[in-house]
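Asker: Before we start, here is the structure in question, set down as structure tokens.
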Amino acid sequence: MRRRALLAAGLGLVVAGSTPALAAGSRRVLHVRPGDSVQAAVDAVDGPGWTIVVHPGTYREVVNVPVGKAHLTLRGASRDPRDAVIVHDNANGTKKPDGTTYGTAGSATFTSAAPGLTVRDLTLANDWLRADHPDITGTQAVAAYTYGDRTHFENVRLLAHQDTLFVETTALTAFDRQYFRRCYIEGDVDFVFGRATAVFEECHFHTLQRAVDFTPKGMVFAPSTARANPYGILAVRSRITSGAENAAYKLARPWVPTYETTAWPSLVVRDTRIGPGIDPVAPYTNMREQYPWQTMRFREYRNCGPGAVISVPGNRPQLTAAEAEAHTKRTYLGDWRPGA
């Protein structure tokens, strides 16, 4: 079976096993090394403010951070996120031992409901592949599913195909905030999606080549913002590249879930370089015809690159300079200053 090129060079596969070691002289730092389990480290955390340091290796396991593990930091031991990899291979349609399936959210390799979570210098991946499972139609396979307020990802690689990163909220009425800085996110269909107020700053989005004979081959964003929330997904000072042919991908489509039909998806992409893989003539499309993208809050501002060329103005709604002042990291995150 073909696997992604995500394993740390020279490091064998780590099977989740023993409990990690407590750092000498420290009550709130745990070290996870090959042979240890990241989940065991999470389970050992008994209060807010802990740090889990993941040493180089590839940890094949599912990690779940519950809401009670507030203000947890999970970081790689080195500054290179390729050195420490957490990966698993469940999909929406993968069967559990009881015969039911995981569903989209349940397929996630990494899940966190904890407020104040910080993840840095790691790779989170789901290496489930459609080609290996032609019998499964639920092909969403999430790398990270986050739904806690003040979630901060820094220098993290997020790798999967469909539905790579699920930025959600703790409740339909919650406007939980998430901040991603200098992260690399790749996928094909709707691979950044959800209801959260999510800011992506200086991030790199990469669309994968996909062995299908139709276009679009996929979409980068699929926001499902609540109607009452003034802010959805913001990508700023970022770049979008592609491994597929020119114009094979759309920038976004709106997701209006069946369980929240009042959703009013919001996406702003600004000050971002958009490569030729994005269709410049018609960068948006519909997920369902009853919810046309033209009625959603999709806007751009001062983007550049061949995928940002405005040839049909009606297909690329732009912010005015005055409107752009309301769509910044500061306005989206409010009183929260990540890293302060």
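By order in the structure tokens, chains are A, B, ...; within a chain, residues start at 1; ligands start at 1, following the order shown.
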Which polymer residues have any atom within 10 Å of an atom of Thr328 of chain A, counting only C-alpha atoms, with same-chain residues fewer than 6 positions away left out, as number ranges by chain?

Answerer: A: 199, 201, 231, 234-236, 268, 270, 334

Asker: Need to verify the contact set: Tyr291 of chain A, 12 Å, only C-alpha atoms, exclusion of same-chain residues closer than 6 positions in sequence. Can you return it as number ranges by chain?

Answerer: A: 224, 253-258, 261-265, 285, 297

Asker: Pull C-alpha atoms from the residues just selected and write them as a CSV table (one decimal), in the first residue's frame.

Answerer:
chain,number,residue,atom,x,y,z
A,224,SER,CA,-19.9,26.8,7.3
A,253,ARG,CA,-17.5,26.5,-2.0
A,254,PRO,CA,-20.0,27.2,0.8
A,255,TRP,CA,-20.9,24.4,3.1
A,256,VAL,CA,-24.4,24.7,4.6
A,257,PRO,CA,-24.8,21.6,6.8
A,258,THR,CA,-28.1,19.7,6.9
A,261,THR,CA,-29.4,25.2,7.3
A,262,THR,CA,-29.2,28.9,8.5
A,263,ALA,CA,-25.4,28.9,8.1
A,264,TRP,CA,-24.0,31.8,6.1
A,265,PRO,CA,-20.5,30.8,5.1
A,285,THR,CA,-18.6,26.9,-7.0
A,297,ARG,CA,-19.9,36.1,2.3

Asker: From the list A:Thr169, A:Leu159, A:Pro48, A:Pro56, which residue is nearest Leu117 of chain A when using only C-alpha atoms?

Answerer: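 When distances to Leu117 of chain A are compared using only C-alpha atoms, the smallest one comes from A:Pro48.
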
Asker: Report, in Å with one decimal, the straight-line distance from atom CA of Asp335 of chain A to atom CA of Ala228 of chain A.

Answerer: 18.8 Å

Asker: Write out as a tab-separated table (two decimals) with C-alpha atoms, in the first residue's frame each polymer residue whose atoms come within 9 Å of Gly68 of chain A, counting only C-alpha atoms; drop sequence neighbours fewer than 3 positions from it.

Answerer:
chain	number	residue	atom	x	y	z
A	46	ASP	CA	-3.93	16.52	35.32
A	47	GLY	CA	-4.46	20.27	35.05
A	48	PRO	CA	-3.96	23.37	32.92
A	65	VAL	CA	-7.43	16.08	23.78
A	113	ALA	CA	-11.87	20.29	22.38
A	114	ALA	CA	-9.52	21.95	24.87
A	115	PRO	CA	-9.54	25.75	25.16

Asker: Quick one: residues within 7 Å of Arg302 of chain A, only C-alpha atoms, excluding same-chain residues fewer than 2 positions away - as a list of chain:residue names?

Answerer: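 Near neighbours after the sequence-gap exclusion: A:Arg270, A:Asp271, A:Glu300, A:Cys304.
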
Asker: Could you please take those selected residues and save all heavy atoms as a compact mmCIF listing (two decimals), in the first residue's frame?

Answerer:
# COMPACT_ATOMS: atom_id res chain seq x y z
N ARG A 270 -7.05 37.46 1.45
CA ARG A 270 -6.48 38.77 1.17
C ARG A 270 -4.94 38.75 1.23
O ARG A 270 -4.35 37.94 1.94
CB ARG A 270 -7.01 39.83 2.16
CG ARG A 270 -6.74 39.53 3.63
CD ARG A 270 -7.12 40.72 4.50
NE ARG A 270 -6.34 41.90 4.13
CZ ARG A 270 -6.54 43.12 4.63
NH1 ARG A 270 -7.52 43.31 5.52
NH2 ARG A 270 -5.78 44.14 4.27
N ASP A 271 -4.35 39.64 0.44
CA ASP A 271 -2.90 39.80 0.45
C ASP A 271 -2.18 38.46 0.29
O ASP A 271 -1.17 38.18 0.94
CB ASP A 271 -2.45 40.49 1.74
CG ASP A 271 -3.16 41.83 1.95
OD1 ASP A 271 -2.93 42.74 1.16
OD2 ASP A 271 -3.97 41.92 2.89
N GLU A 300 -12.47 38.87 -1.58
CA GLU A 300 -11.02 38.88 -1.75
C GLU A 300 -10.53 40.32 -1.65
O GLU A 300 -11.31 41.27 -1.77
CB GLU A 300 -10.62 38.29 -3.10
CG GLU A 300 -11.02 36.84 -3.29
CD GLU A 300 -10.63 36.32 -4.66
OE1 GLU A 300 -9.43 36.42 -5.01
OE2 GLU A 300 -11.52 35.84 -5.39
N CYS A 304 -2.63 38.37 -5.43
CA CYS A 304 -1.78 38.43 -6.61
C CYS A 304 -1.55 37.02 -7.13
O CYS A 304 -1.95 36.03 -6.50
CB CYS A 304 -0.46 39.12 -6.31
SG CYS A 304 0.57 38.23 -5.11

Asker: Between atom CA of Asn229 of chain A and atom CA of Thr197 of chain A, measure the distance and give it in Å to one decimal.

Answerer: 8.1 Å

Asker: I want to know what sits within 9 Å of segment 139-145 of chain A, based on only C-alpha atoms, with residues of the same chain fewer than 5 positions away left out; could you give that as a compact mmCIF listing (two decimals) with N, CA, C and O atoms, in the first residue's frame?

Answerer:
# COMPACT_ATOMS: atom_id res chain seq x y z
N VAL A 87 0.24 10.22 12.99
CA VAL A 87 -0.50 9.84 11.79
C VAL A 87 -1.38 8.62 12.07
O VAL A 87 -1.03 7.75 12.87
N HIS A 88 -2.53 8.59 11.41
CA HIS A 88 -3.39 7.41 11.42
C HIS A 88 -4.15 7.38 10.11
O HIS A 88 -3.98 8.27 9.26
N ASP A 89 -5.03 6.37 9.94
CA ASP A 89 -5.65 6.18 8.62
C ASP A 89 -7.11 5.75 8.69
O ASP A 89 -7.54 4.83 7.99
N ASN A 90 -7.90 6.44 9.49
CA ASN A 90 -9.34 6.23 9.49
C ASN A 90 -10.00 7.18 8.50
O ASN A 90 -9.54 8.31 8.31
N ALA A 91 -11.09 6.75 7.89
CA ALA A 91 -11.91 7.60 7.03
C ALA A 91 -13.34 7.62 7.55
O ALA A 91 -13.70 6.86 8.46
N ASN A 92 -14.13 8.48 6.98
CA ASN A 92 -15.55 8.56 7.33
C ASN A 92 -16.18 7.17 7.28
O ASN A 92 -16.87 6.74 8.20
N GLY A 93 -15.93 6.45 6.19
CA GLY A 93 -16.58 5.16 5.98
C GLY A 93 -15.86 3.96 6.55
O GLY A 93 -16.31 2.82 6.36
N THR A 94 -14.75 4.18 7.25
CA THR A 94 -14.05 3.06 7.89
C THR A 94 -14.91 2.46 9.00
O THR A 94 -15.47 3.20 9.81
N GLY A 103 -17.50 8.26 10.67
CA GLY A 103 -18.00 9.58 10.31
C GLY A 103 -16.85 10.52 10.06
O GLY A 103 -15.68 10.21 10.34
N THR A 104 -17.17 11.71 9.55
CA THR A 104 -16.10 12.65 9.20
C THR A 104 -15.30 13.08 10.43
O THR A 104 -14.07 12.94 10.47
N ALA A 105 -15.97 13.61 11.44
CA ALA A 105 -15.26 14.07 12.63
C ALA A 105 -14.53 12.93 13.33
O ALA A 105 -13.39 13.08 13.79
N GLY A 106 -15.14 11.78 13.37
CA GLY A 106 -14.54 10.64 14.05
C GLY A 106 -13.34 10.05 13.34
O GLY A 106 -12.59 9.27 13.93
N SER A 107 -13.14 10.44 12.08
CA SER A 107 -11.99 9.92 11.33
C SER A 107 -10.69 10.63 11.69
O SER A 107 -9.61 10.19 11.28
N ALA A 108 -10.76 11.71 12.45
CA ALA A 108 -9.59 12.56 12.68
C ALA A 108 -8.46 11.84 13.41
O ALA A 108 -8.68 11.13 14.39
N THR A 109 -7.25 12.06 12.92
CA THR A 109 -6.07 11.57 13.63
C THR A 109 -5.88 12.33 14.93
O THR A 109 -5.57 11.74 15.97
N PHE A 110 -6.09 13.65 14.89
CA PHE A 110 -5.91 14.49 16.08
C PHE A 110 -7.19 15.28 16.31
O PHE A 110 -7.69 15.96 15.40
N THR A 111 -7.73 15.20 17.51
CA THR A 111 -8.95 15.92 17.87
C THR A 111 -8.70 16.68 19.17
O THR A 111 -8.08 16.14 20.10
N SER A 112 -9.16 17.92 19.22
CA SER A 112 -9.05 18.67 20.47
C SER A 112 -10.27 19.53 20.71
O SER A 112 -10.71 20.27 19.83
N ALA A 113 -10.80 19.42 21.92
CA ALA A 113 -11.87 20.29 22.38
C ALA A 113 -11.37 21.25 23.46
O ALA A 113 -12.13 22.04 24.00
N LEU A 124 0.73 16.57 11.61
CA LEU A 124 -0.49 15.81 11.90
C LEU A 124 -1.02 15.33 10.55
O LEU A 124 -1.27 16.15 9.66
N ALA A 125 -1.20 14.03 10.40
CA ALA A 125 -1.54 13.49 9.08
C ALA A 125 -2.57 12.38 9.17
O ALA A 125 -2.68 11.66 10.17
N ASN A 126 -3.32 12.26 8.08
CA ASN A 126 -4.20 11.11 7.86
C ASN A 126 -3.82 10.54 6.51
O ASN A 126 -4.03 11.19 5.48
N ASP A 127 -3.23 9.36 6.49
CA ASP A 127 -2.72 8.82 5.22
C ASP A 127 -3.63 7.78 4.60
O ASP A 127 -3.20 6.94 3.80
N TRP A 128 -4.92 7.84 4.93
CA TRP A 128 -5.91 6.99 4.26
C TRP A 128 -6.01 7.43 2.80
O TRP A 128 -6.05 8.62 2.49
N LEU A 129 -6.06 6.44 1.90
CA LEU A 129 -6.09 6.74 0.47
C LEU A 129 -7.30 6.09 -0.19
O LEU A 129 -7.60 4.91 0.04
N ARG A 130 -8.00 6.85 -1.04
CA ARG A 130 -9.16 6.33 -1.75
C ARG A 130 -8.81 5.10 -2.57
O ARG A 130 -9.57 4.13 -2.64
N HIS A 133 -9.05 1.77 -1.01
CA HIS A 133 -10.33 1.37 -0.41
C HIS A 133 -11.48 1.71 -1.37
O HIS A 133 -12.35 2.54 -1.06
N LEU A 158 -0.13 19.86 8.10
CA LEU A 158 -1.40 19.14 8.16
C LEU A 158 -1.60 18.48 6.81
O LEU A 158 -1.79 19.15 5.79
N LEU A 159 -1.58 17.14 6.81
CA LEU A 159 -1.55 16.39 5.57
C LEU A 159 -2.71 15.40 5.51
O LEU A 159 -2.90 14.59 6.41
N ALA A 160 -3.47 15.45 4.43
CA ALA A 160 -4.51 14.48 4.14
C ALA A 160 -4.98 14.74 2.70
O ALA A 160 -4.30 15.44 1.95
N HIS A 161 -6.13 14.20 2.36
CA HIS A 161 -6.71 14.45 1.04
C HIS A 161 -8.02 15.22 1.21
O HIS A 161 -8.03 16.44 1.14
N GLN A 162 -9.11 14.53 1.47
CA GLN A 162 -10.39 15.21 1.63
C GLN A 162 -10.61 15.57 3.10
O GLN A 162 -10.48 14.73 3.98
N ASP A 163 -10.96 16.86 3.34
CA ASP A 163 -11.29 17.33 4.69
C ASP A 163 -10.08 17.24 5.64
O ASP A 163 -10.19 16.75 6.77
N THR A 164 -8.97 17.78 5.23
CA THR A 164 -7.74 17.72 6.02
C THR A 164 -7.90 18.37 7.39
O THR A 164 -7.55 17.79 8.42
N LEU A 165 -8.41 19.60 7.41
CA LEU A 165 -8.47 20.39 8.64
C LEU A 165 -9.90 20.85 8.89
O LEU A 165 -10.47 21.61 8.12
N PHE A 166 -10.48 20.38 10.00
CA PHE A 166 -11.86 20.69 10.38
C PHE A 166 -11.81 21.70 11.52
O PHE A 166 -11.50 21.36 12.65
N VAL A 167 -12.06 22.98 11.20
CA VAL A 167 -12.05 24.05 12.20
C VAL A 167 -13.48 24.29 12.66
O VAL A 167 -14.26 24.93 11.99
N GLU A 168 -13.82 23.79 13.81
CA GLU A 168 -15.21 23.78 14.26
C GLU A 168 -15.35 24.57 15.56
O GLU A 168 -14.37 25.13 16.08
N VAL A 189 -10.21 17.88 -1.60
CA VAL A 189 -11.60 18.33 -1.55
C VAL A 189 -11.91 18.99 -0.20
O VAL A 189 -11.73 18.36 0.85
N PHE A 191 -10.51 20.99 1.86
CA PHE A 191 -9.55 20.53 2.86
C PHE A 191 -9.28 21.52 3.98
O PHE A 191 -8.54 21.21 4.91

Asker: Applying 6 Å and only C-alpha atoms, which residues near Val53 of chain A remain after dropping the ones on its own chain fewer than 6 positions away? List them as a count of residues only.

Answerer: 4

Asker: With only C-alpha atoms as the counted atoms, please give the residues lying no more than 7 Å from Gly116 of chain A, apart from itself and same-chain residues fewer than 5 positions off, as a ChimeraX atom specification.

Answerer: /A:70-72,149-151

Asker: Take the selection from the previous step and output its residues with C-alpha atoms, as a compact mmCIF listing (two decimals), in the first residue's frame.

Answerer:
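This went into selection_6.txt:
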# COMPACT_ATOMS: atom_id res chain seq x y z
CA ALA A 70 -7.04 23.36 29.03
CA HIS A 71 -4.03 25.45 27.99
CA LEU A 72 -2.05 22.42 26.88
CA ASP A 149 -11.61 28.58 21.68
CA ARG A 150 -8.12 30.14 21.45
CA THR A 151 -6.62 27.23 19.55

Asker: Using DSSP on the backbone coordinates, identify the residues of segment 73-248 of chain A assigned to alpha helix (DSSP H); present them as a ChimeraX atom specification.

Answerer: /A:103-106
